[in-house]
file target_6.cif (mmCIF, C-alpha atoms)
data_protein
loop_
_atom_site.label_atom_id
_atom_site.label_comp_id
_atom_site.auth_asym_id
_atom_site.auth_seq_id
_atom_site.Cartn_x
_atom_site.Cartn_y
_atom_site.Cartn_z
CA MET A 150 11.59 69.04 -49.54
CA SER A 151 13.58 65.88 -49.39
CA ILE A 152 17.27 66.54 -49.46
CA ASN A 153 19.83 64.44 -51.19
CA LYS A 154 21.42 62.57 -48.32
CA GLN A 155 24.38 61.36 -50.32
CA GLU A 156 25.16 64.87 -51.49
CA LEU A 157 25.08 66.13 -47.93
CA PHE A 158 27.44 63.38 -46.78
CA GLU A 159 29.84 64.20 -49.60
CA LYS A 160 29.81 67.85 -48.64
CA LEU A 161 30.51 66.88 -45.05
CA ALA A 162 33.45 64.75 -46.13
CA ASP A 163 34.79 67.55 -48.33
CA SER A 164 34.54 70.05 -45.49
CA ILE A 165 36.78 67.78 -43.39
CA VAL A 166 39.32 67.38 -46.19
CA ASP A 167 39.26 71.17 -46.73
CA MET A 168 39.82 71.73 -42.98
CA ASP A 169 36.75 73.98 -43.02
CA GLU A 170 35.49 73.62 -39.46
CA ASP A 171 32.79 76.29 -39.85
CA LEU A 172 31.31 74.50 -42.84
CA THR A 173 31.45 71.13 -41.03
CA ILE A 174 29.48 72.69 -38.17
CA GLU A 175 26.94 74.21 -40.58
CA LEU A 176 26.45 70.93 -42.45
CA SER A 177 26.20 68.90 -39.24
CA ASN A 178 23.48 71.25 -38.00
CA GLN A 179 21.76 70.76 -41.35
CA VAL A 180 21.88 66.99 -40.86
CA ILE A 181 19.98 67.38 -37.58
CA ALA A 182 17.58 70.00 -38.93
CA GLU A 183 16.68 67.84 -41.92
CA GLY A 184 16.16 64.79 -39.74
CA VAL A 185 18.92 62.80 -41.44
CA ASP A 186 20.31 59.89 -39.39
CA ALA A 187 23.24 61.18 -37.33
CA TYR A 188 25.02 57.84 -37.26
CA GLU A 189 24.91 57.61 -41.05
CA ALA A 190 26.28 61.15 -41.32
CA ILE A 191 29.21 60.20 -39.08
CA VAL A 192 29.99 57.01 -40.95
CA ASN A 193 29.35 58.22 -44.49
CA GLY A 194 30.40 61.83 -44.06
CA LEU A 195 32.85 62.58 -41.27
CA THR A 196 34.64 59.25 -41.35
CA VAL A 197 34.93 59.26 -45.12
CA GLY A 198 36.44 62.76 -44.98
CA MET A 199 38.93 61.81 -42.30
CA ASN A 200 39.94 58.71 -44.24
CA GLN A 201 40.46 60.82 -47.35
CA ALA A 202 42.64 63.18 -45.33
CA GLY A 203 44.62 60.18 -44.10
CA LYS A 204 45.13 59.09 -47.69
CA LEU A 205 46.41 62.54 -48.67
CA PHE A 206 48.81 62.28 -45.75
CA ASP A 207 50.10 58.92 -46.98
CA GLU A 208 50.59 60.46 -50.41
CA GLU A 209 52.56 63.30 -48.78
CA GLU A 210 50.06 65.78 -50.12
CA TYR A 211 49.11 66.68 -46.55
CA PHE A 212 51.42 66.86 -43.57
CA VAL A 213 50.75 66.48 -39.85
CA PRO A 214 49.53 70.11 -39.45
CA GLU A 215 46.89 69.60 -42.13
CA LEU A 216 45.81 66.27 -40.65
CA LEU A 217 45.33 67.87 -37.25
CA MET A 218 43.26 70.67 -38.76
CA CYS A 219 41.09 68.09 -40.55
CA SER A 220 40.57 66.31 -37.25
CA ASP A 221 39.53 69.59 -35.61
CA ALA A 222 36.77 69.88 -38.18
CA MET A 223 35.82 66.24 -37.67
CA TYR A 224 35.52 66.63 -33.90
CA ALA A 225 33.42 69.78 -34.33
CA GLY A 226 30.99 67.76 -36.46
CA LEU A 227 31.12 64.80 -34.11
CA ASN A 228 30.19 66.98 -31.13
CA ILE A 229 27.02 68.07 -32.90
CA LEU A 230 26.01 64.68 -34.27
CA LYS A 231 26.92 62.39 -31.36
CA PRO A 232 23.99 63.32 -29.06
CA TYR A 233 21.57 62.35 -31.83
CA ILE A 234 22.82 58.80 -32.31
CA LYS A 235 20.00 56.51 -31.34
CA VAL A 236 20.98 54.49 -28.31
CA ASN A 237 20.99 50.66 -28.51
CA GLU A 238 20.59 50.84 -32.21
CA HIS A 239 24.19 49.95 -32.78
CA GLU A 240 26.60 47.60 -31.10
CA THR A 241 28.21 48.48 -27.81
CA LYS A 242 31.47 50.23 -28.39
CA ARG A 243 34.75 48.55 -27.61
CA LYS A 244 36.62 50.39 -24.90
CA ALA A 245 40.30 51.22 -24.93
CA VAL A 246 42.82 53.28 -23.03
CA ILE A 247 45.53 55.01 -25.00
CA GLY A 248 48.62 56.95 -24.02
CA VAL A 249 52.27 57.82 -24.55
CA ILE A 250 54.63 55.93 -22.27
CA GLU A 251 56.54 57.52 -19.39
CA GLY A 252 59.47 59.75 -20.34
CA ASP A 253 58.02 60.76 -23.68
CA THR A 254 55.82 63.73 -24.48
CA HIS A 255 55.56 63.23 -28.25
CA ASP A 256 51.84 62.72 -28.68
CA ILE A 257 50.96 63.64 -32.26
CA GLY A 258 51.00 60.02 -33.36
CA LYS A 259 48.99 58.91 -30.34
CA ASN A 260 46.41 61.62 -31.06
CA LEU A 261 46.11 60.52 -34.68
CA VAL A 262 45.60 56.91 -33.63
CA LYS A 263 42.98 58.06 -31.13
CA ILE A 264 41.16 60.06 -33.80
CA MET A 265 41.12 57.15 -36.23
CA LEU A 266 39.97 54.71 -33.55
CA GLU A 267 37.16 57.02 -32.48
CA THR A 268 36.26 57.45 -36.12
CA GLY A 269 36.28 53.67 -36.36
CA GLY A 270 33.73 53.38 -33.56
CA TYR A 271 35.91 52.71 -30.51
CA ASP A 272 35.36 54.29 -27.12
CA ILE A 273 38.74 55.78 -26.29
CA VAL A 274 39.96 56.99 -22.90
CA ASP A 275 42.97 59.20 -23.53
CA LEU A 276 45.45 58.96 -20.66
CA GLY A 277 47.72 61.59 -22.20
CA ARG A 278 51.48 61.54 -22.40
CA ASP A 279 54.38 60.66 -20.09
CA ILE A 280 52.22 57.94 -18.50
CA SER A 281 53.80 55.40 -16.15
CA PRO A 282 53.33 51.67 -16.81
CA THR A 283 51.45 51.34 -13.50
CA THR A 284 49.02 54.07 -14.50
CA PHE A 285 48.34 52.33 -17.82
CA VAL A 286 47.33 49.17 -15.96
CA GLU A 287 45.38 50.90 -13.20
CA ARG A 288 43.41 53.05 -15.62
CA ALA A 289 42.70 50.10 -17.91
CA LYS A 290 41.23 48.28 -14.90
CA GLU A 291 39.19 51.29 -13.78
CA GLU A 292 37.80 51.90 -17.24
CA LYS A 293 37.14 48.20 -17.83
CA ALA A 294 38.96 48.59 -21.11
CA GLU A 295 39.57 45.71 -23.49
CA PHE A 296 42.46 47.34 -25.29
CA ILE A 297 45.59 49.12 -24.11
CA PHE A 298 47.24 51.21 -26.80
CA ILE A 299 50.78 52.38 -26.00
CA SER A 300 52.84 54.75 -28.09
CA THR A 301 56.36 56.15 -28.02
CA LEU A 302 58.55 58.04 -30.44
CA MET A 303 61.79 57.53 -28.58
CA THR A 304 64.08 54.54 -28.22
CA THR A 305 64.98 55.73 -24.71
CA THR A 306 61.46 55.04 -23.47
CA MET A 307 60.50 51.90 -25.39
CA GLU A 308 61.11 49.57 -22.47
CA GLY A 309 58.18 51.09 -20.59
CA MET A 310 55.91 49.20 -23.01
CA ASN A 311 57.44 45.97 -21.83
CA GLU A 312 56.84 46.99 -18.23
CA VAL A 313 53.10 47.40 -18.85
CA ILE A 314 52.97 43.80 -20.05
CA GLU A 315 55.10 42.61 -17.14
CA ILE A 316 52.72 44.23 -14.65
CA LEU A 317 49.73 42.59 -16.35
CA VAL A 318 51.49 39.23 -16.14
CA GLU A 319 52.45 39.74 -12.48
CA GLU A 320 48.88 40.63 -11.60
CA LYS A 321 47.66 37.59 -13.56
CA ILE A 322 45.40 39.72 -15.73
CA ARG A 323 47.40 39.56 -18.95
CA GLU A 324 44.62 37.69 -20.73
CA ASP A 325 42.07 40.39 -19.91
CA TYR A 326 43.62 42.96 -22.23
CA LYS A 327 44.87 43.23 -25.76
CA VAL A 328 48.02 45.34 -25.71
CA LEU A 329 48.77 47.09 -29.00
CA ILE A 330 51.86 49.19 -29.52
CA GLY A 331 53.16 51.70 -32.06
CA GLY A 332 55.44 54.64 -32.70
CA GLY A 333 58.53 55.53 -34.71
CA PRO A 334 61.07 53.09 -33.21
CA VAL A 335 58.57 50.29 -32.56
CA SER A 336 58.35 47.32 -34.90
CA GLN A 337 56.55 44.01 -35.24
CA SER A 338 59.67 42.25 -34.03
CA TYR A 339 59.72 44.42 -30.90
CA ALA A 340 56.05 43.63 -30.32
CA ASP A 341 56.84 39.93 -30.66
CA LYS A 342 59.82 40.25 -28.35
CA ILE A 343 57.87 41.82 -25.49
CA GLY A 344 54.78 39.72 -26.10
CA ALA A 345 52.41 42.49 -27.19
CA ASP A 346 49.25 41.47 -29.02
CA GLY A 347 50.02 43.58 -32.03
CA TYR A 348 51.85 46.41 -33.68
CA ALA A 349 50.53 48.92 -36.18
CA GLU A 350 52.61 51.08 -38.44
CA ASN A 351 50.17 53.96 -38.64
CA ALA A 352 46.79 55.18 -37.40
CA ALA A 353 44.73 53.53 -40.14
CA GLU A 354 46.52 50.22 -39.56
CA ALA A 355 45.83 50.51 -35.83
CA VAL A 356 42.10 50.52 -36.52
CA LYS A 357 42.40 47.53 -38.85
CA LEU A 358 44.45 45.69 -36.25
CA ALA A 359 41.88 46.36 -33.52
CA ASN A 360 39.05 45.35 -35.86
CA ASN A 361 40.85 42.11 -36.72
CA ILE A 362 41.25 41.31 -33.04
CA VAL A 363 37.57 42.03 -32.38
CA ALA A 364 36.66 39.80 -35.34
CA ALA A 365 38.91 37.02 -34.08
CA TYR A 366 38.01 37.13 -30.41
CA GLY A 367 34.59 38.71 -30.29
CA ASN A 368 33.47 38.89 -26.68
CA GLU A 369 36.31 36.69 -25.49
CA ILE A 370 38.72 39.59 -25.02
CA MET B 23 93.92 50.92 -43.68
CA LYS B 24 91.13 52.94 -45.24
CA ILE B 25 88.10 53.64 -43.11
CA LYS B 26 84.72 54.77 -44.37
CA VAL B 27 82.76 57.26 -42.28
CA ILE B 28 79.03 57.35 -42.93
CA ALA B 29 77.70 60.36 -41.05
CA CYS B 30 74.47 62.23 -40.61
CA GLU B 31 74.24 65.65 -42.18
CA VAL B 32 73.36 67.00 -38.72
CA MET B 33 77.06 66.87 -37.78
CA GLN B 34 78.59 67.45 -41.20
CA GLU B 35 79.94 70.91 -40.41
CA GLU B 36 81.31 69.83 -37.05
CA ILE B 37 83.11 66.87 -38.65
CA GLN B 38 84.51 68.98 -41.45
CA ARG B 39 85.92 71.41 -38.91
CA LEU B 40 87.91 68.73 -37.11
CA GLU B 41 91.61 68.41 -37.84
CA PRO B 42 91.93 66.21 -40.92
CA VAL B 43 92.40 62.53 -40.15
CA ASP B 44 94.30 60.30 -42.59
CA ASN B 45 92.68 57.42 -44.39
CA ARG B 46 89.10 58.47 -43.93
CA ASP B 47 86.51 58.69 -46.68
CA TYR B 48 83.30 60.46 -45.79
CA GLU B 49 79.74 60.12 -46.98
CA PHE B 50 76.98 62.25 -45.50
CA VAL B 51 73.35 61.20 -45.27
CA SER B 52 70.50 63.69 -45.60
CA MET B 53 68.66 64.68 -42.43
CA ASP B 54 65.39 64.24 -44.27
CA PHE B 55 65.55 60.66 -43.05
CA HIS B 56 65.23 61.73 -39.40
CA LEU B 57 61.46 61.35 -39.35
CA TYR B 58 61.60 58.01 -41.17
CA PRO B 59 63.83 55.57 -39.26
CA GLN B 60 62.87 52.64 -41.46
CA LYS B 61 63.87 54.54 -44.61
CA LEU B 62 67.08 55.60 -42.90
CA LYS B 63 67.84 51.96 -42.14
CA VAL B 64 67.45 51.05 -45.84
CA GLU B 65 69.66 53.96 -46.89
CA LEU B 66 72.39 53.11 -44.37
CA GLN B 67 72.36 49.46 -45.38
CA ARG B 68 72.63 50.50 -49.03
CA ILE B 69 75.71 52.64 -48.31
CA ILE B 70 77.26 49.91 -46.13
CA ASP B 71 76.77 47.38 -48.93
CA ALA B 72 78.44 49.76 -51.38
CA SER B 73 81.39 50.29 -49.03
CA GLN B 74 82.60 46.73 -48.64
CA ASP B 75 86.12 47.51 -49.82
CA TYR B 76 86.80 49.23 -46.50
CA GLN B 77 87.98 47.21 -43.52
CA GLN B 78 86.06 49.37 -41.10
CA ILE B 79 82.93 51.44 -41.46
CA ILE B 80 82.13 54.08 -38.87
CA LEU B 81 78.50 55.06 -38.55
CA ALA B 82 78.29 58.55 -37.08
CA PHE B 83 74.73 57.93 -35.94
CA GLY B 84 72.95 56.73 -32.83
CA LEU B 85 70.19 54.14 -32.65
CA CYS B 86 68.15 56.94 -34.28
CA GLY B 87 64.61 55.74 -33.77
CA GLY B 88 65.62 52.14 -34.43
CA ALA B 89 67.29 52.88 -37.78
CA ALA B 90 70.59 51.31 -36.71
CA SER B 91 69.00 48.13 -35.42
CA GLY B 92 69.49 45.28 -37.89
CA LEU B 93 72.33 46.83 -39.87
CA THR B 94 74.95 44.36 -40.98
CA SER B 95 78.11 44.25 -43.04
CA LYS B 96 79.53 41.26 -44.92
CA THR B 97 83.23 42.05 -44.92
CA SER B 98 83.78 45.25 -42.94
CA GLU B 99 83.68 45.82 -39.20
CA LEU B 100 80.94 48.25 -38.16
CA ILE B 101 81.55 50.85 -35.46
CA ILE B 102 78.76 52.98 -34.03
CA PRO B 103 78.50 55.16 -30.91
CA ARG B 104 76.46 53.54 -28.14
CA VAL B 105 73.97 56.42 -28.00
CA HIS B 106 70.29 56.82 -28.73
CA ASP B 107 70.73 59.97 -30.78
CA CYS B 108 73.03 62.82 -31.69
CA ILE B 109 72.00 65.03 -28.78
CA SER B 110 74.21 62.85 -26.59
CA ILE B 111 77.03 63.23 -29.11
CA PHE B 112 76.73 67.01 -29.14
CA LEU B 113 76.42 67.39 -25.40
CA SER B 114 78.68 64.84 -23.82
CA SER B 115 82.43 64.78 -23.86
CA ASP B 116 83.09 61.12 -23.31
CA LYS B 117 80.13 59.35 -21.77
CA CYS B 118 76.90 58.73 -23.59
CA SER B 119 75.17 58.47 -20.24
CA ALA B 120 75.95 62.13 -19.57
CA CYS B 121 72.54 63.14 -20.89
CA ASP B 122 69.73 62.59 -18.47
CA PHE B 123 66.81 62.88 -20.84
CA LYS B 124 64.31 62.16 -18.08
CA LYS B 125 65.37 65.38 -16.42
CA GLU B 126 65.14 67.22 -19.71
CA LEU B 127 61.59 66.22 -20.56
CA GLY B 128 60.00 69.11 -22.42
CA THR B 129 63.24 70.34 -23.97
CA PHE B 130 63.35 70.86 -27.71
CA TYR B 131 66.95 70.56 -28.90
CA LEU B 132 68.32 72.52 -31.81
CA SER B 133 71.74 73.03 -33.33
CA ASN B 134 73.05 74.50 -36.55
CA GLY B 135 72.60 71.11 -38.24
CA TRP B 136 69.19 70.52 -36.71
CA MET B 137 67.91 73.74 -38.24
CA ILE B 138 68.23 72.14 -41.70
CA THR B 139 65.02 70.25 -41.02
CA GLU B 140 63.42 71.99 -38.05
CA LYS B 141 63.02 75.30 -39.84
CA THR B 142 60.01 73.63 -41.44
CA ILE B 143 58.16 74.40 -38.19
CA ILE B 144 58.15 78.02 -39.31
CA SER B 145 56.95 77.18 -42.82
CA ASP B 146 54.27 74.82 -41.43
CA TYR B 147 53.02 77.68 -39.28
CA GLN B 148 53.05 80.10 -42.22
CA ARG B 149 51.18 77.64 -44.45
CA ILE B 150 48.36 77.11 -41.97
CA LEU B 151 48.32 80.83 -41.13
CA ASN B 152 47.89 81.76 -44.79
CA ARG B 153 45.22 79.16 -45.41
CA LEU B 154 43.21 79.14 -42.20
CA GLY B 155 44.20 82.21 -40.21
CA GLU B 156 46.03 82.91 -36.97
CA LYS B 157 43.69 81.17 -34.57
CA LYS B 158 44.03 77.87 -36.41
CA ALA B 159 47.78 78.25 -36.91
CA LYS B 160 48.20 78.77 -33.16
CA ARG B 161 46.01 75.78 -32.47
CA MET B 162 48.20 73.67 -34.76
CA LEU B 163 51.31 74.69 -32.80
CA GLU B 164 49.54 73.91 -29.55
CA ARG B 165 48.50 70.49 -30.80
CA MET B 166 52.00 69.65 -32.03
CA TYR B 167 54.40 71.29 -29.63
CA ASP B 168 52.78 72.23 -26.34
CA GLY B 169 54.91 69.62 -24.57
CA TYR B 170 57.97 71.83 -24.89
CA GLN B 171 58.80 74.42 -22.27
CA LYS B 172 62.34 75.04 -23.38
CA VAL B 173 64.19 75.40 -26.68
CA LEU B 174 67.84 74.56 -26.09
CA PHE B 175 70.18 75.63 -28.87
CA ILE B 176 73.44 73.69 -28.78
CA GLU B 177 76.31 75.89 -29.92
CA THR B 178 78.73 73.62 -31.69
CA THR B 179 81.84 74.41 -33.72
CA ALA B 180 79.69 74.94 -36.77
CA GLU B 181 79.58 78.56 -37.76
CA CYS B 182 75.98 79.66 -37.50
CA GLN B 183 74.51 82.06 -39.99
CA GLU B 184 72.67 84.96 -38.41
CA ASP B 185 69.35 83.86 -39.94
CA VAL B 186 69.72 80.36 -38.46
CA ILE B 187 69.96 81.86 -34.97
CA GLU B 188 67.00 84.11 -35.72
CA GLN B 189 64.92 81.17 -36.95
CA SER B 190 65.75 79.10 -33.86
CA LYS B 191 64.59 82.00 -31.67
CA GLU B 192 61.45 82.30 -33.77
CA ILE B 193 60.70 78.62 -33.07
CA ALA B 194 60.94 79.31 -29.31
CA THR B 195 58.60 82.28 -29.73
CA LEU B 196 56.10 80.16 -31.67
CA PHE B 197 56.21 77.50 -28.94
CA GLY B 198 55.90 80.12 -26.23
CA ALA B 199 58.98 78.44 -24.76
CA GLU B 200 62.07 79.71 -23.04
CA TYR B 201 65.11 80.05 -25.33
CA LEU B 202 68.43 78.90 -23.94
CA THR B 203 71.81 78.12 -25.39
CA VAL B 204 74.45 75.67 -24.25
CA LYS B 205 78.02 75.14 -25.42
CA GLY B 206 78.36 71.84 -27.23
CA GLU B 207 81.27 69.43 -26.92
CA THR B 208 83.49 68.20 -29.76
CA THR B 209 85.35 65.46 -27.91
CA PHE B 210 82.80 62.76 -28.71
CA ILE B 211 82.53 63.70 -32.38
CA LYS B 212 86.31 63.67 -32.64
CA LYS B 213 86.51 60.29 -30.94
CA ILE B 214 83.97 58.84 -33.38
CA ILE B 215 86.26 59.74 -36.27
CA THR B 216 89.64 59.01 -34.72
CA GLY B 217 89.00 56.31 -32.11
CA PRO B 218 89.97 54.68 -29.82
CA TRP B 219 86.52 53.11 -29.83
CA ASP B 220 86.15 51.92 -26.26
CA ASP B 221 83.39 49.45 -25.38
CA LEU B 222 81.63 51.80 -23.00
CA ASN B 223 80.90 54.35 -25.70
CA PHE B 224 81.01 52.31 -28.90
CA ILE B 225 79.50 49.19 -30.38
CA LYS B 226 81.82 47.18 -32.62
CA VAL B 227 80.28 44.54 -34.80
CA PRO B 228 82.48 42.06 -36.69
CA PRO B 229 81.71 41.12 -40.32
CA LEU B 230 78.37 39.28 -40.71
CA GLY B 231 77.29 40.42 -37.23
CA GLU B 232 74.26 42.62 -36.68
CA ILE B 233 73.66 45.79 -34.70
CA THR B 234 70.80 45.19 -32.26
CA GLU B 235 68.59 47.27 -29.96
CA GLU B 236 70.11 45.35 -27.06
CA ASP B 237 73.52 46.83 -27.95
CA PHE B 238 72.02 50.17 -26.96
CA GLY B 239 70.67 48.79 -23.71
CA ILE B 240 67.06 48.15 -24.73
CA ASN B 241 65.49 45.08 -23.13
CA LYS B 242 68.92 43.76 -22.33
CA LYS B 243 67.66 41.46 -19.62
CA ASN B 244 65.67 39.45 -22.14
#

call {"tool": "encode", "arguments": {"input": "target_6.cif", "output": "structure tokens"}}
result
Amino acid sequence: MSINKQELFEKLADSIVDMDEDLTIELSNQVIAEGVDAYEAIVNGLTVGMNQAGKLFDEEEYFVPELLMCSDAMYAGLNILKPYIKVNEHETKRKAVIGVIEGDTHDIGKNLVKIMLETGGYDIVDLGRDISPTTFVERAKEEKAEFIFISTLMTTTMEGMNEVIEILVEEKIREDYKVLIGGGPVSQSYADKIGADGYAENAAEAVKLANNIVAAYGNEI
Amino acid sequence: MKIKVIACEVMQEEIQRLEPVDNRDYEFVSMDFHLYPQKLKVELQRIIDASQDYQQIILAFGLCGGAASGLTSKTSELIIPRVHDCISIFLSSDKCSACDFKKELGTFYLSNGWMITEKTIISDYQRILNRLGEKKAKRMLERMYDGYQKVLFIETTAECQEDVIEQSKEIATLFGAEYLTVKGETTFIKKIITGPWDDLNFIKVPPLGEITEEDFGINKKN
């Protein structure tokens, strides 16, 4: 019996929006059992659901707790589907390190950006929170990352972002990385001031920003 | 000379309990803006613009997530404490530098005023609990607040209702964090209202000037 793929994807998306992790797991297993393409299920099911949840958040219908519960469901589905993605079929993923700068442990925003970037097809290494500028640079080198995402919620710790860039400049590797920043007190003008490559106001914008940079620079990053 | 005081609701009770000061008009701004610094900036600028018949405007705020950065006044002088946020105002008697936040990493601050907004932590928990059950509700708390090891309730001059204290303790329980209290200070709050506004602790911006992040010590060297 051929199943209606589109219907299955819609159900997957709805299960994310409804924060129904058990159902997401059941449907993801069904995707595999029915031989439906795992990559398509991620893009047209999980991602669509997470984007819808993000929209509800923007509309203040959902709050951070709901968004985190949606992402739990999404990750549960992703864990099942990921191993079935056919290798080499799709482009190599862009690699990034992400973290909250030293002195700050507020990581909800960073986690949301990470979720949306992973949903958007990026390979994200999460450094965690309260991360020193030196560690940002060292880990970016180790991971051969192209992007460094830095977040902070506090004005008392903002300057650490600047320090990351200063270290990159001192080590003459500034051009090897795109440094993108965000968080409550951060603004485009602050990004300009410290010479960051971009600022995003929220998680969805962060993905767009990264995509725009990839489109503009391609393999030249 | 009439002076306008634009203050955050978080310290409304503490301000109202000070000895009355002559020639002050007060306007309090809802704490709902705390999570939205950019919206707070717009609101503060709106009130400043509507208060141009005062020679001086005191902003009983800190940099508050960048909200104060960029504020300007056409005809009045602006005065604002040189602090990042109100925790410094509640805890320090005369020096904003008294709070070493690096040492206090993992501390969740509360006060009577703070409970106006932070009690939503309890309702968030209840909402998820009712919809998705205890396991998920606990996971939500873990995802949002596991960075906090300590809930520090600042006892100010505001008279706390019994249920406010109970709710603040409940937050500590939900976090699985230690609950501590500390006596707050009123000297700084008083100084904000009465002056003198010394340069160490206050930023004074003449008409047409602009409050900047640098005034608070951010990226000063640039």

call {"tool": "residues_around", "arguments": {"input": "target_6.cif", "residues": "stretch 141-149 of chain B", "least_positions_apart": "2", "cutoff": "9 Å", "atoms": "only C-alpha atoms", "output": "PyMOL selection string"}}
result
(chain A and resi 212+214) or (chain B and resi 136-139+151-154+159-160+162-163+186+189-190+192-193+196)

call {"tool": "residues_around", "arguments": {"input": "target_6.cif", "residues": "A:Thr173", "least_positions_apart": "5", "cutoff": "6 Å", "atoms": "only C-alpha atoms", "output": "mmCIF file with C-alpha atoms, in the coordinates of the input"}}
result
data_model
loop_
_atom_site.group_PDB
_atom_site.id
_atom_site.type_symbol
_atom_site.label_atom_id
_atom_site.label_comp_id
_atom_site.auth_asym_id
_atom_site.auth_seq_id
_atom_site.Cartn_x
_atom_site.Cartn_y
_atom_site.Cartn_z
ATOM 1 C CA LEU A 161 30.510 66.880 -45.050
ATOM 2 C CA SER A 164 34.540 70.050 -45.490
ATOM 3 C CA GLY A 226 30.990 67.760 -36.460
#

call {"tool": "resolve_selection", "arguments": {"input": "target_6.cif", "expression": "the PyMOL selection byres ((chain B) within 10 of (chain A))", "output": "MDAnalysis selection string"}}
result
chainID B and resid 57:60 85:89 91 105:107 123:129 143 146:147 149:150 153:154 158:159 161:163 165:170 235 238:242 244

call {"tool": "atom_distance", "arguments": {"input": "target_6.cif", "atom1": "atom CA of B:Thr178", "atom2": "atom CA of B:Trp219"}}
result
22.0 Å

call {"tool": "atom_distance", "arguments": {"input": "target_6.cif", "atom1": "atom CA of B:Gly84", "atom2": "atom CA of B:Leu62"}}
result
11.7 Å

call {"tool": "resolve_selection", "arguments": {"input": "target_6.cif", "expression": "the PyMOL selection byres ((chain B and resi 230) around 6)", "output": "ChimeraX atom specification"}}
result
/B:95-96,229,231

call {"tool": "atom_distance", "arguments": {"input": "target_6.cif", "atom1": "atom CA of A:Ala355", "atom2": "atom CA of A:Thr268"}}
result
11.8 Å

call {"tool": "residues_around", "arguments": {"input": "target_6.cif", "residues": "A:Asn368", "least_positions_apart": "3", "cutoff": "10 Å", "atoms": "all atoms listed in the file", "output": "list in words"}}
result
Arg243, Glu295, Val363, Ala364 and Ala365 of chain A

call {"tool": "residues_around", "arguments": {"input": "target_6.cif", "residues": "A:Val262", "least_positions_apart": "3", "cutoff": "6 Å", "atoms": "only C-alpha atoms", "output": "PDB file with C-alpha atoms, in the frame of the given file"}}
result
ATOM      1  CA  LYS A 259      48.990  58.910 -30.340  1.00  0.00           C
ATOM      2  CA  MET A 265      41.120  57.150 -36.230  1.00  0.00           C
ATOM      3  CA  ALA A 352      46.790  55.180 -37.400  1.00  0.00           C
TER       4      ALA A 352
END

call {"tool": "axis_aligned_box", "arguments": {"input": "target_6.cif", "around": "stretch 255-268 of chain A", "padding_each_side": "4 Å", "output": "JSON"}}
result
{"center_x": 45.9, "center_y": 59.2, "center_z": -32.2, "size_x": 27.3, "size_y": 16.9, "size_z": 16.0}

call {"tool": "closest_residue", "arguments": {"input": "target_6.cif", "among": "B:Cys30, B:Lys63, B:Glu99, B:Ser52", "to": "B:Lys226", "atoms": "all atoms listed in the file"}}
result
B:Glu99

call {"tool": "resolve_selection", "arguments": {"input": "target_6.cif", "expression": "the PyMOL selection byres ((chain A and resi 176-193) around 6)", "output": "list in words"}}
result
Phe158, Thr173, Ile174, Glu175, Gly194, Leu195, Thr196, Val197, Gly226, Leu230, Tyr233 and Ile234 of chain A

call {"tool": "closest_residue", "arguments": {"input": "target_6.cif", "among": "A:Gly270, A:Val249, A:Ala353, A:Ser281", "to": "A:Gln201", "atoms": "all atoms listed in the file"}}
result
A:Ala353

call {"tool": "residues_around", "arguments": {"input": "target_6.cif", "residues": "stretch 70-83 of chain B", "least_positions_apart": "4", "cutoff": "8 Å", "atoms": "all atoms listed in the file", "output": "number ranges by chain"}}
result
B: 23-30, 66, 90, 94-103, 107-108, 214-215

call {"tool": "decode", "arguments": {"input": "target_6.cif", "residues": "stretch 286-306 of chain A", "atoms": "C-alpha atoms", "output": "short mmCIF file (atom, residue, chain, number, x, y, z; two decimals), in the first residue's frame"}}
result
data_model
loop_
_atom_site.label_atom_id
_atom_site.label_comp_id
_atom_site.auth_asym_id
_atom_site.auth_seq_id
_atom_site.Cartn_x
_atom_site.Cartn_y
_atom_site.Cartn_z
CA VAL A 286 38.75 30.62 18.97
CA GLU A 287 40.53 27.41 19.94
CA ARG A 288 37.42 25.28 19.46
CA ALA A 289 36.60 26.95 16.14
CA LYS A 290 40.10 26.02 14.95
CA GLU A 291 39.84 22.45 16.22
CA GLU A 292 36.46 21.91 14.65
CA LYS A 293 37.49 23.60 11.40
CA ALA A 294 34.35 25.67 11.70
CA GLU A 295 33.40 28.36 9.21
CA PHE A 296 31.08 30.20 11.55
CA ILE A 297 31.40 31.38 15.14
CA PHE A 298 28.06 32.21 16.75
CA ILE A 299 28.29 34.15 20.02
CA SER A 300 25.39 34.99 22.28
CA THR A 301 24.86 36.98 25.46
CA LEU A 302 21.86 38.28 27.34
CA MET A 303 23.75 40.64 29.60
CA THR A 304 25.34 44.02 28.98
CA THR A 305 28.01 43.17 31.56
CA THR A 306 29.44 40.46 29.32
#
